[in-house]
$ cat query.tsv   # TSV, C-alpha atoms
chain	number	residue	atom	x	y	z
A	1	MET	CA	90.25	149.49	81.41
A	2	ASN	CA	89.63	148.25	84.95
A	3	ARG	CA	87.74	150.35	87.48
A	4	ARG	CA	90.79	151.55	89.39
A	5	LEU	CA	92.57	152.77	86.25
A	6	ALA	CA	89.40	154.47	85.01
A	7	GLU	CA	89.07	156.31	88.33
A	8	ASN	CA	92.71	157.40	88.18
A	9	GLU	CA	92.26	158.65	84.62
A	10	ARG	CA	89.27	160.76	85.67
A	11	PHE	CA	91.23	162.20	88.57
A	12	LEU	CA	94.26	163.07	86.44
A	13	ARG	CA	92.03	164.64	83.79
A	14	SER	CA	90.55	166.81	86.51
A	15	ILE	CA	94.02	168.05	87.42
A	16	TYR	CA	94.84	168.93	83.81
A	17	ARG	CA	91.50	170.66	83.34
A	18	GLY	CA	91.91	172.71	86.48
A	19	GLY	CA	89.02	170.99	88.22
A	20	THR	CA	91.10	170.19	91.31
A	21	ASP	CA	94.39	171.28	92.82
A	22	ARG	CA	94.75	168.17	94.97
A	23	PRO	CA	98.12	166.66	94.04
A	24	ALA	CA	98.46	163.23	92.48
A	25	PHE	CA	100.99	160.71	93.76
A	26	CYS	CA	102.08	158.12	91.22
A	27	CYS	CA	104.56	155.25	91.45
A	28	LEU	CA	106.63	153.40	88.86
A	29	LEU	CA	108.64	150.20	89.24
A	30	PRO	CA	112.04	149.83	87.53
A	31	HIS	CA	112.14	148.40	84.03
A	32	THR	CA	114.91	146.72	82.06
A	33	PRO	CA	116.95	149.60	80.59
A	34	ILE	CA	116.98	150.16	76.85
A	35	TYR	CA	120.61	149.13	76.49
A	36	ALA	CA	120.15	145.94	78.57
A	37	VAL	CA	117.22	144.50	76.60
A	38	PRO	CA	118.20	141.32	74.72
A	39	GLY	CA	118.85	142.41	71.16
A	40	GLY	CA	119.55	146.00	72.22
A	41	PRO	CA	117.33	149.01	71.45
A	42	PHE	CA	114.46	147.97	69.21
A	43	ASN	CA	114.79	151.01	66.94
A	44	LEU	CA	118.44	150.21	66.15
A	45	SER	CA	117.84	146.58	65.18
A	46	THR	CA	116.54	144.85	62.07
A	47	ALA	CA	115.16	141.85	63.98
A	48	PRO	CA	111.36	141.42	64.03
A	49	VAL	CA	109.79	143.86	66.50
A	50	ARG	CA	107.87	141.00	68.14
A	51	GLU	CA	111.12	140.23	69.97
A	52	TRP	CA	110.58	143.43	72.02
A	53	VAL	CA	106.86	142.99	72.71
A	54	GLY	CA	107.54	141.01	75.88
A	55	TRP	CA	109.83	143.77	77.22
A	56	VAL	CA	107.08	146.38	76.84
A	57	ALA	CA	104.16	144.15	77.86
A	58	GLU	CA	105.76	142.74	80.99
A	59	ASP	CA	106.70	146.21	82.20
A	60	TYR	CA	103.13	147.38	81.61
A	61	ARG	CA	101.60	144.45	83.47
A	62	ARG	CA	103.87	145.03	86.46
A	63	GLN	CA	102.84	148.69	86.59
A	64	VAL	CA	99.13	147.73	86.49
A	65	GLU	CA	99.69	145.24	89.32
A	66	LEU	CA	101.30	147.99	91.38
A	67	VAL	CA	98.29	150.30	90.98
A	68	GLU	CA	95.96	147.51	92.03
A	69	ALA	CA	98.16	146.52	94.97
A	70	ILE	CA	98.75	149.92	96.60
A	71	GLY	CA	96.18	152.26	95.04
A	72	HIS	CA	98.42	155.07	93.80
A	73	ASP	CA	97.05	157.72	91.42
A	74	GLY	CA	98.82	156.76	88.19
A	75	VAL	CA	97.67	155.28	84.89
A	76	PRO	CA	100.37	152.92	83.57
A	77	THR	CA	101.51	153.14	79.97
A	78	ALA	CA	103.08	150.55	77.69
A	79	ARG	CA	106.25	152.46	77.00
A	80	LEU	CA	107.92	152.43	73.56
A	81	LEU	CA	111.17	153.67	75.04
A	82	THR	CA	114.14	154.82	72.95
A	83	GLY	CA	117.26	156.88	73.46
A	84	THR	CA	117.76	160.47	72.38
A	85	GLU	CA	119.33	159.40	69.10
A	86	ILE	CA	116.07	158.51	67.40
A	87	PHE	CA	115.45	161.68	65.34
A	88	ALA	CA	119.08	162.54	64.59
A	89	GLN	CA	119.51	158.99	63.30
A	90	ALA	CA	116.64	159.65	60.89
A	91	PHE	CA	118.76	162.45	59.40
A	92	GLY	CA	121.68	160.09	58.83
A	93	CYS	CA	123.66	160.58	62.05
A	94	PRO	CA	125.72	157.59	63.15
A	95	VAL	CA	124.77	156.13	66.53
A	96	HIS	CA	127.12	155.10	69.31
A	97	GLN	CA	125.94	152.29	71.58
A	98	TYR	CA	127.27	151.91	75.11
A	99	GLU	CA	127.37	148.78	77.23
A	100	ASP	CA	125.92	150.46	80.31
A	101	SER	CA	124.05	153.53	79.07
A	102	ASN	CA	121.55	154.56	76.44
A	103	PRO	CA	122.75	155.11	72.86
A	104	CYS	CA	123.47	158.56	71.50
A	105	ALA	CA	123.74	160.17	68.08
A	106	LEU	CA	127.06	161.42	66.73
A	107	PRO	CA	127.19	164.59	64.60
A	108	ARG	CA	126.80	164.26	60.85
A	109	VAL	CA	127.85	167.77	59.76
A	110	ALA	CA	130.64	170.08	60.92
A	111	ASN	CA	129.91	173.44	59.30
A	112	ALA	CA	127.25	175.62	57.72
A	113	ALA	CA	127.93	174.43	54.17
A	114	GLU	CA	127.39	170.80	55.17
A	115	ALA	CA	124.29	171.74	57.16
A	116	ASP	CA	122.83	173.48	54.12
A	117	ALA	CA	123.04	170.18	52.23
A	118	ILE	CA	120.68	168.43	54.68
A	119	ALA	CA	117.30	167.64	53.12
A	120	LEU	CA	113.97	166.81	54.73
A	121	PRO	CA	113.72	163.00	54.99
A	122	SER	CA	110.57	161.04	54.32
A	123	LEU	CA	109.32	159.58	57.60
A	124	TRP	CA	108.61	156.20	56.03
A	125	ASP	CA	112.20	155.98	54.77
A	126	CYS	CA	113.52	156.13	58.37
A	127	PRO	CA	113.62	152.53	59.69
A	128	GLY	CA	114.16	153.49	63.34
A	129	LEU	CA	110.99	155.61	63.41
A	130	VAL	CA	108.97	153.16	61.35
A	131	ARG	CA	109.75	150.56	64.01
A	132	VAL	CA	108.07	152.76	66.64
A	133	PHE	CA	104.81	152.31	64.73
A	134	GLU	CA	105.45	148.61	64.21
A	135	LEU	CA	106.17	147.96	67.87
A	136	GLY	CA	103.18	150.02	68.96
A	137	LYS	CA	100.88	147.92	66.79
A	138	ALA	CA	102.45	144.67	68.03
A	139	VAL	CA	102.08	145.74	71.67
A	140	GLN	CA	98.42	146.64	71.12
A	141	ALA	CA	97.86	143.20	69.59
A	142	GLU	CA	99.38	141.65	72.72
A	143	LEU	CA	97.74	143.81	75.39
A	144	GLY	CA	94.56	144.99	73.69
A	145	LEU	CA	93.53	148.51	72.72
A	146	GLU	CA	92.62	149.41	76.30
A	147	ALA	CA	96.31	149.41	77.23
A	148	VAL	CA	97.60	152.98	76.87
A	149	LEU	CA	100.83	153.34	74.90
A	150	GLY	CA	103.63	155.64	76.02
A	151	PRO	CA	105.76	157.42	73.39
A	152	CYS	CA	109.37	157.19	72.32
A	153	ASP	CA	111.80	159.98	73.20
A	154	MET	CA	110.63	163.41	72.05
A	155	GLN	CA	112.79	166.43	71.22
A	156	THR	CA	112.39	169.83	69.64
A	157	GLY	CA	113.71	170.48	66.16
A	158	PHE	CA	116.30	172.78	67.75
A	159	ASP	CA	117.57	169.97	69.97
A	160	ILE	CA	117.64	167.58	67.01
A	161	ALA	CA	119.66	170.06	64.94
A	162	ALA	CA	122.12	170.43	67.82
A	163	GLN	CA	122.83	166.69	67.54
A	164	ILE	CA	123.17	166.66	63.76
A	165	TRP	CA	125.61	169.60	63.63
A	166	GLU	CA	128.82	169.38	65.67
A	167	LYS	CA	127.88	171.31	68.80
A	168	THR	CA	130.74	173.82	69.00
A	169	ASP	CA	130.40	174.90	65.39
A	170	PHE	CA	126.60	174.90	65.69
A	171	LEU	CA	126.73	177.36	68.59
A	172	CYS	CA	129.33	179.53	66.88
A	173	ALA	CA	127.24	179.63	63.71
A	174	MET	CA	124.32	181.04	65.70
A	175	ALA	CA	126.46	184.13	66.39
A	176	THR	CA	128.16	184.36	62.99
A	177	PRO	CA	126.77	186.58	60.22
A	178	GLY	CA	126.34	184.55	57.09
A	179	GLU	CA	125.90	181.30	59.02
A	180	ARG	CA	122.89	182.15	61.18
A	181	ASP	CA	120.54	181.44	58.31
A	182	ALA	CA	122.00	177.93	57.97
A	183	VAL	CA	121.12	177.28	61.61
A	184	LYS	CA	117.57	178.53	61.12
A	185	ARG	CA	117.18	176.45	57.98
A	186	LEU	CA	118.32	173.23	59.65
A	187	VAL	CA	116.22	173.89	62.75
A	188	GLY	CA	113.24	174.54	60.49
A	189	ILE	CA	113.73	171.25	58.62
A	190	CYS	CA	114.09	169.31	61.87
A	191	ALA	CA	111.03	171.01	63.34
A	192	GLU	CA	108.95	170.18	60.23
A	193	PHE	CA	110.09	166.56	60.35
A	194	TYR	CA	109.24	166.34	64.05
A	195	ARG	CA	105.76	167.79	63.47
A	196	ASN	CA	105.19	165.31	60.63
A	197	PHE	CA	106.17	162.43	62.91
A	198	LEU	CA	103.91	163.65	65.72
A	199	ALA	CA	100.95	164.01	63.37
A	200	GLU	CA	101.37	160.44	62.08
A	201	LEU	CA	101.90	159.05	65.59
A	202	ARG	CA	98.74	160.72	66.88
A	203	ARG	CA	96.79	159.56	63.84
A	204	GLU	CA	97.94	155.96	64.29
A	205	PHE	CA	97.68	155.86	68.10
A	206	PRO	CA	95.01	158.39	69.15
A	207	THR	CA	94.93	157.17	72.78
A	208	MET	CA	98.70	157.32	73.33
A	209	SER	CA	99.78	159.39	76.33
A	210	PRO	CA	101.89	162.35	75.13
A	211	CYS	CA	104.14	162.35	78.23
A	212	HIS	CA	107.52	160.80	77.47
A	213	CYS	CA	109.25	161.99	80.64
A	214	PRO	CA	108.73	160.99	83.41
A	215	SER	CA	106.37	158.36	81.89
A	216	ALA	CA	103.30	159.74	83.66
A	217	TRP	CA	99.91	159.59	81.95
A	218	ALA	CA	98.49	162.72	80.34
A	219	PRO	CA	95.23	163.07	78.35
A	220	PRO	CA	95.90	162.03	74.74
A	221	GLU	CA	93.92	164.93	73.30
A	222	LEU	CA	96.47	167.37	74.71
A	223	GLY	CA	99.49	168.46	72.69
A	224	PRO	CA	102.89	166.78	72.45
A	225	TRP	CA	105.31	166.72	75.36
A	226	THR	CA	108.79	167.53	74.16
A	227	SER	CA	112.29	167.72	75.61
A	228	ASN	CA	113.71	171.24	75.54
A	229	ASP	CA	117.26	170.96	76.90
A	230	GLU	CA	119.67	172.76	74.59
A	231	CYS	CA	118.04	176.03	75.66
A	232	GLY	CA	120.20	175.91	78.79
A	233	ILE	CA	123.42	176.78	76.93
A	234	ILE	CA	122.20	179.78	74.93
A	235	SER	CA	121.13	183.29	75.84
A	236	THR	CA	117.52	184.38	76.13
A	237	GLU	CA	117.92	186.45	72.94
A	238	MET	CA	119.19	183.43	71.01
A	239	PHE	CA	116.48	181.20	72.45
A	240	GLU	CA	113.74	183.58	71.33
A	241	GLU	CA	115.28	183.91	67.87
A	242	PHE	CA	116.20	180.28	67.13
A	243	ALA	CA	114.07	178.03	69.37
A	244	LEU	CA	110.96	179.72	70.75
A	245	PRO	CA	109.19	180.16	67.36
A	246	GLU	CA	109.16	176.38	66.93
A	247	LEU	CA	107.65	175.81	70.38
A	248	ILE	CA	104.93	178.36	69.64
A	249	GLU	CA	104.23	176.68	66.28
A	250	LEU	CA	104.08	173.23	67.93
A	251	SER	CA	101.49	174.46	70.40
A	252	ARG	CA	99.44	176.16	67.70
A	253	THR	CA	99.58	173.07	65.48
A	254	PHE	CA	98.48	170.60	68.17
A	255	GLY	CA	96.54	172.93	70.48
A	256	SER	CA	98.88	172.87	73.48
A	257	LEU	CA	102.38	171.87	74.56
A	258	GLY	CA	103.97	169.98	77.45
A	259	MET	CA	107.68	170.17	78.21
A	260	HIS	CA	110.52	168.28	79.84
A	261	CYS	CA	113.60	170.33	80.75
A	262	CYS	CA	116.63	169.15	82.71
A	263	ALA	CA	118.96	172.01	81.69
A	264	ALA	CA	120.13	174.99	83.73
A	265	ALA	CA	117.51	177.05	81.94
A	266	GLU	CA	115.93	179.31	84.56
A	267	HIS	CA	116.91	182.31	82.44
A	268	GLN	CA	114.49	181.01	79.79
A	269	PHE	CA	111.51	180.61	82.13
A	270	PRO	CA	109.96	184.00	81.23
A	271	SER	CA	110.16	182.99	77.57
A	272	PHE	CA	108.48	179.65	78.29
A	273	ASN	CA	105.50	181.67	79.43
A	274	LYS	CA	105.20	183.01	75.89
A	275	ILE	CA	104.21	179.54	74.64
A	276	PRO	CA	100.41	179.46	74.21
A	277	ASN	CA	98.62	176.72	76.15
A	278	PHE	CA	101.78	175.55	77.91
A	279	TYR	CA	99.94	172.88	79.88
A	280	ALA	CA	102.54	170.68	81.62
A	281	PHE	CA	106.10	171.00	82.85
A	282	ASN	CA	108.49	168.26	83.95
A	283	ARG	CA	111.28	170.26	85.52
A	284	VAL	CA	114.30	168.29	86.69
A	285	PRO	CA	116.14	170.24	89.41
A	286	ALA	CA	119.22	172.00	88.04
A	287	LYS	CA	121.70	174.43	89.62
A	288	GLN	CA	118.97	176.53	91.23
A	289	GLY	CA	116.95	173.55	92.43
A	290	ILE	CA	113.25	173.13	91.85
A	291	ASP	CA	111.84	176.20	93.62
A	292	PRO	CA	112.02	178.66	90.67
A	293	ILE	CA	109.06	176.88	89.07
A	294	LEU	CA	106.82	178.40	91.74
A	295	GLU	CA	107.96	181.94	90.97
A	296	HIS	CA	107.45	181.62	87.23
A	297	PHE	CA	104.72	178.99	86.82
A	298	GLY	CA	102.80	178.89	90.11
A	299	GLY	CA	99.07	179.31	90.53
A	300	PRO	CA	96.07	178.02	88.58
A	301	GLU	CA	97.17	179.65	85.31
A	302	GLY	CA	100.51	177.84	85.32
A	303	PRO	CA	101.16	174.41	83.80
A	304	VAL	CA	100.63	171.19	85.71
A	305	HIS	CA	103.97	170.35	87.35
A	306	VAL	CA	104.74	166.68	86.72
A	307	LEU	CA	107.76	166.10	88.93
A	308	ALA	CA	109.99	163.13	89.71
A	309	TRP	CA	113.31	162.46	91.40
A	310	LEU	CA	112.43	164.67	94.39
A	311	SER	CA	112.97	164.03	98.09
A	312	ASP	CA	110.01	163.93	100.46
A	313	ALA	CA	111.29	167.13	102.07
A	314	THR	CA	111.27	168.89	98.69
A	315	ILE	CA	107.74	167.71	97.93
A	316	GLU	CA	106.60	168.94	101.34
A	317	ARG	CA	108.17	172.35	100.75
A	318	LEU	CA	106.58	172.70	97.32
A	319	LEU	CA	103.14	171.85	98.66
A	320	ARG	CA	103.57	174.25	101.58
A	321	THR	CA	104.93	177.24	99.63
A	322	ALA	CA	103.18	176.96	96.24
A	323	PRO	CA	100.75	179.75	95.32
A	324	PRO	CA	97.11	178.70	95.71
A	325	GLY	CA	95.84	176.74	92.73
A	326	THR	CA	99.24	175.33	91.71
A	327	ARG	CA	98.74	171.79	90.37
A	328	PHE	CA	101.16	168.90	90.94
A	329	ILE	CA	101.60	165.31	89.83
A	330	PHE	CA	104.46	163.67	91.75
A	331	VAL	CA	106.10	160.51	90.40
A	332	ARG	CA	108.07	158.10	92.57
A	333	PHE	CA	110.43	155.51	91.08
A	334	SER	CA	110.33	152.70	93.63
A	335	PRO	CA	112.41	149.50	93.64
A	336	ASP	CA	109.48	147.31	94.78
A	337	HIS	CA	105.90	147.24	96.04
A	338	ASP	CA	106.84	147.65	99.69
A	339	ASP	CA	108.87	150.80	99.09
A	340	ALA	CA	106.11	152.27	96.94
A	341	ALA	CA	103.46	151.52	99.57
A	342	ARG	CA	105.51	153.06	102.37
A	343	TRP	CA	106.18	156.19	100.31
A	344	LEU	CA	102.55	156.56	99.31
A	345	ASP	CA	101.35	156.27	102.91
A	346	ARG	CA	103.96	158.76	104.06
A	347	ILE	CA	103.51	161.33	101.31
A	348	ARG	CA	99.70	161.38	101.38
A	349	GLN	CA	99.87	162.61	104.95
A	350	LEU	CA	101.18	165.90	103.57
A	351	VAL	CA	97.86	166.69	101.87
$ encode --input "query.tsv" --output "structure tokens"
Amino acid sequence: MNRRLAENERFLRSIYRGGTDRPAFCCLLPHTPIYAVPGGPFNLSTAPVREWVGWVAEDYRRQVELVEAIGHDGVPTARLLTGTEIFAQAFGCPVHQYEDSNPCALPRVANAAEADAIALPSLWDCPGLVRVFELGKAVQAELGLEAVLGPCDMQTGFDIAAQIWEKTDFLCAMATPGERDAVKRLVGICAEFYRNFLAELRREFPTMSPCHCPSAWAPPELGPWTSNDECGIISTEMFEEFALPELIELSRTFGSLGMHCCAAAEHQFPSFNKIPNFYAFNRVPAKQGIDPILEHFGGPEGPVHVLAWLSDATIERLLRTAPPGTRFIFVRFSPDHDDAARWLDRIRQLV
């Protein structure tokens, strides 16, 4: 790792460890979208994974060049990007591919009886997930072990189950005596499968950054960073019964937990605080904007807020109004070097 990247890693580690509350400002250049890569998404193909190495490696090299050119605070990752379908596909869900958007999983089951027939798959019998490991190894062979890998999409077992089971019936079953146990059983199977995958991924790639969204670097020894989005459409009582136990178990299994959430889920924020060692939060502004994170997760005891897709005015307000000790990593998606340099110069004046 070159000197600049090593310095950035030390600085970001200090933020996660609570050694500084100075915010980090990181930039990312656009990459070729998953659906636009020649050959389509790597995890949905049977072609040799080497055909996707150039897509990952070129993106990584461009991100490294950006750090060296403008001196932002980020550590680039070689991103093994997938769509949200990746785990539901492993359970046998069909996948729909769009021409101009990422693929998505289609439901496999429509009722509790069908859900009860779902069995725990063997990870190594799931070609799409096996290809994550294969591509990771091929990218390391191309870039060297010093290049930090970034993970595929990550989702809770609850969110995976909500893709496998037709959504309307899934939600109704959560409130239906006699069917609630089928929901808990499927969620439990999906959560176990997800934990198994994470354990193997961390064993195979111990230096991989856990942050899948917004592709910012996080120390690899910290716990997984998972999407938690379906929580926005259920009550707090249902969340604590059906979804929160898994998040607590994930954190206990791996020592800590990071989270991405883009749902209208402010009503779940008090419950998020029940997750032990909740260390990082990527909150995408929803109906109530971004400011509720300060009320619920501000101060030095709160998670590191890893935020993207924010205006300069919003960043300025967060820095001005956050409780003392609140830690931030801001990520800017810039179209080119010049835009990134201008933003970095402008935004650093706020500190």
$ closest_residue --input "query.tsv" --among "A:Gln288, A:Ile315, A:Pro323, A:Gly223" --to "Pro276 of chain A" --atoms "all atoms listed in the file"
A:Gly223
$ atom_distance --input "query.tsv" --atom1 "atom CA of Arg17 of chain A" --atom2 "atom CA of Gly255 of chain A"
14.0 Å
$ closest_residue --input "query.tsv" --among "A:Val148, A:Ala57, A:Ala265, A:Val37" --to "Pro220 of chain A" --atoms "all atoms listed in the file"
A:Val148
$ closest_atom_pairs --input "query.tsv" --of "segment 67-171 of chain A" --to "segment 19-24 of chain A" --cutoff "10 Å" --atoms "only C-alpha atoms" --output "tab-separated table"
residue	atom	partner	partner_atom	distance
A:His72	CA	A:Ala24	CA	8.3
A:Asp73	CA	A:Ala24	CA	5.8
A:Gly74	CA	A:Ala24	CA	7.8
$ write_last_selection --input "query.tsv" --atoms "C-alpha atoms" --output "compact mmCIF listing (two decimals), in the frame of the given file"
# COMPACT_ATOMS: atom_id res chain seq x y z
CA HIS A 72 98.42 155.07 93.80
CA ASP A 73 97.05 157.72 91.42
CA GLY A 74 98.82 156.76 88.19
$ residues_around --input "query.tsv" --residues "Ala243 of chain A" --least-positions-apart "2" --cutoff "9 Å" --atoms "all atoms listed in the file" --output "list in words"
Thr156, Gly157, Phe158, Asp159, Lys184, Val187, Cys231, Met238, Phe239, Glu240, Glu241, Pro245, Glu246 and Leu247 of chain A
$ closest_residue --input "query.tsv" --among "A:Ala115, A:Cys211, A:Ala199, A:Ala36" --to "Phe170 of chain A" --atoms "only C-alpha atoms"
A:Ala115
$ atom_distance --input "query.tsv" --atom1 "atom CA of Ser14 of chain A" --atom2 "atom CA of Thr326 of chain A"
13.2 Å
$ closest_residue --input "query.tsv" --among "A:Ala105, A:Ala138, A:Cys126, A:Ala218" --to "Trp165 of chain A" --atoms "only C-alpha atoms"
A:Ala105
$ atom_distance --input "query.tsv" --atom1 "atom CA of Ala147 of chain A" --atom2 "atom CA of Glu68 of chain A"
14.9 Å
$ closest_residue --input "query.tsv" --among "A:Gly298, A:Asn228, A:Ala322, A:Ala313" --to "Val284 of chain A" --atoms "only C-alpha atoms"
A:Asn228
$ closest_residue --input "query.tsv" --among "A:Val130, A:Met174, A:Ala112, A:Cys190" --to "Ala88 of chain A" --atoms "all atoms listed in the file"
A:Cys190
$ closest_atom_pairs --input "query.tsv" --of "segment 123-183 of chain A" --to "segment 42-51 of chain A" --cutoff "9 Å" --atoms "all atoms listed in the file" --output "JSON lines"
{"residue": "A:Pro127", "atom": "CA", "partner": "A:Asn43", "partner_atom": "CA", "distance": 7.5}
{"residue": "A:Gly128", "atom": "CA", "partner": "A:Asn43", "partner_atom": "CA", "distance": 4.4}
{"residue": "A:Leu129", "atom": "CA", "partner": "A:Asn43", "partner_atom": "CA", "distance": 6.9}
{"residue": "A:Val130", "atom": "CA", "partner": "A:Asn43", "partner_atom": "CA", "distance": 8.4}
{"residue": "A:Arg131", "atom": "CA", "partner": "A:Asn43", "partner_atom": "CA", "distance": 5.8}
{"residue": "A:Val132", "atom": "CA", "partner": "A:Asn43", "partner_atom": "CA", "distance": 7.0}
{"residue": "A:Glu134", "atom": "CA", "partner": "A:Val49", "partner_atom": "CA", "distance": 6.8}
{"residue": "A:Leu135", "atom": "CA", "partner": "A:Val49", "partner_atom": "CA", "distance": 5.6}
{"residue": "A:Ala138", "atom": "CA", "partner": "A:Arg50", "partner_atom": "CA", "distance": 6.5}
{"residue": "A:Val139", "atom": "CA", "partner": "A:Arg50", "partner_atom": "CA", "distance": 8.3}
$ residues_around --input "query.tsv" --residues "Lys274 of chain A" --least-positions-apart "2" --cutoff "12 Å" --atoms "all atoms listed in the file" --output "list in words"
Phe239, Glu240, Leu244, Pro245, Glu246, Leu247, Ile248, Glu249, Ser251, Leu257, Gln268, Phe269, Pro270, Ser271, Phe272, Pro276, Asn277, Phe278, His296, Phe297 and Gly302 of chain A
$ residues_around --input "query.tsv" --residues "Pro103 of chain A" --least-positions-apart "4" --cutoff "9 Å" --atoms "all atoms listed in the file" --output "count of residues only"
12
$ build_atoms --input "query.tsv" --residues "segment 89-107 of chain A" --atoms "N, CA and C atoms" --output "CSV table (one decimal), keeping the file's coordinate frame"
chain,number,residue,atom,x,y,z
A,89,GLN,N,119.2,160.2,64.1
A,89,GLN,CA,119.5,159.0,63.3
A,89,GLN,C,118.7,159.0,62.0
A,90,ALA,N,117.5,159.6,62.1
A,90,ALA,CA,116.6,159.6,60.9
A,90,ALA,C,117.2,160.6,59.9
A,91,PHE,N,118.1,161.5,60.3
A,91,PHE,CA,118.8,162.4,59.4
A,91,PHE,C,120.1,161.9,59.0
A,92,GLY,N,120.4,160.7,59.3
A,92,GLY,CA,121.7,160.1,58.8
A,92,GLY,C,122.8,160.1,59.8
A,93,CYS,N,122.6,160.6,61.1
A,93,CYS,CA,123.7,160.6,62.0
A,93,CYS,C,124.0,159.2,62.5
A,94,PRO,N,125.3,158.9,62.6
A,94,PRO,CA,125.7,157.6,63.2
A,94,PRO,C,125.3,157.5,64.6
A,95,VAL,N,125.2,156.3,65.1
A,95,VAL,CA,124.8,156.1,66.5
A,95,VAL,C,125.8,155.3,67.3
A,96,HIS,N,126.2,155.8,68.4
A,96,HIS,CA,127.1,155.1,69.3
A,96,HIS,C,126.3,154.4,70.4
A,97,GLN,N,126.6,153.1,70.6
A,97,GLN,CA,125.9,152.3,71.6
A,97,GLN,C,126.9,151.9,72.7
A,98,TYR,N,126.5,152.2,73.9
A,98,TYR,CA,127.3,151.9,75.1
A,98,TYR,C,126.8,150.6,75.7
A,99,GLU,N,127.7,150.0,76.5
A,99,GLU,CA,127.4,148.8,77.2
A,99,GLU,C,126.5,149.0,78.4
A,100,ASP,N,126.6,150.2,79.0
A,100,ASP,CA,125.9,150.5,80.3
A,100,ASP,C,125.2,151.8,80.3
A,101,SER,N,124.8,152.3,79.2
A,101,SER,CA,124.0,153.5,79.1
A,101,SER,C,123.3,153.6,77.7
A,102,ASN,N,122.3,154.5,77.7
A,102,ASN,CA,121.6,154.6,76.4
A,102,ASN,C,122.4,155.0,75.3
A,103,PRO,N,122.0,154.7,74.0
A,103,PRO,CA,122.8,155.1,72.9
A,103,PRO,C,122.6,156.6,72.6
A,104,CYS,N,123.5,157.1,71.8
A,104,CYS,CA,123.5,158.6,71.5
A,104,CYS,C,123.9,158.7,70.0
A,105,ALA,N,123.4,159.8,69.5
A,105,ALA,CA,123.7,160.2,68.1
A,105,ALA,C,125.1,160.9,68.0
A,106,LEU,N,125.8,160.7,67.0
A,106,LEU,CA,127.1,161.4,66.7
A,106,LEU,C,126.8,162.4,65.6
A,107,PRO,N,127.5,163.6,65.6
A,107,PRO,CA,127.2,164.6,64.6
A,107,PRO,C,127.4,164.1,63.2
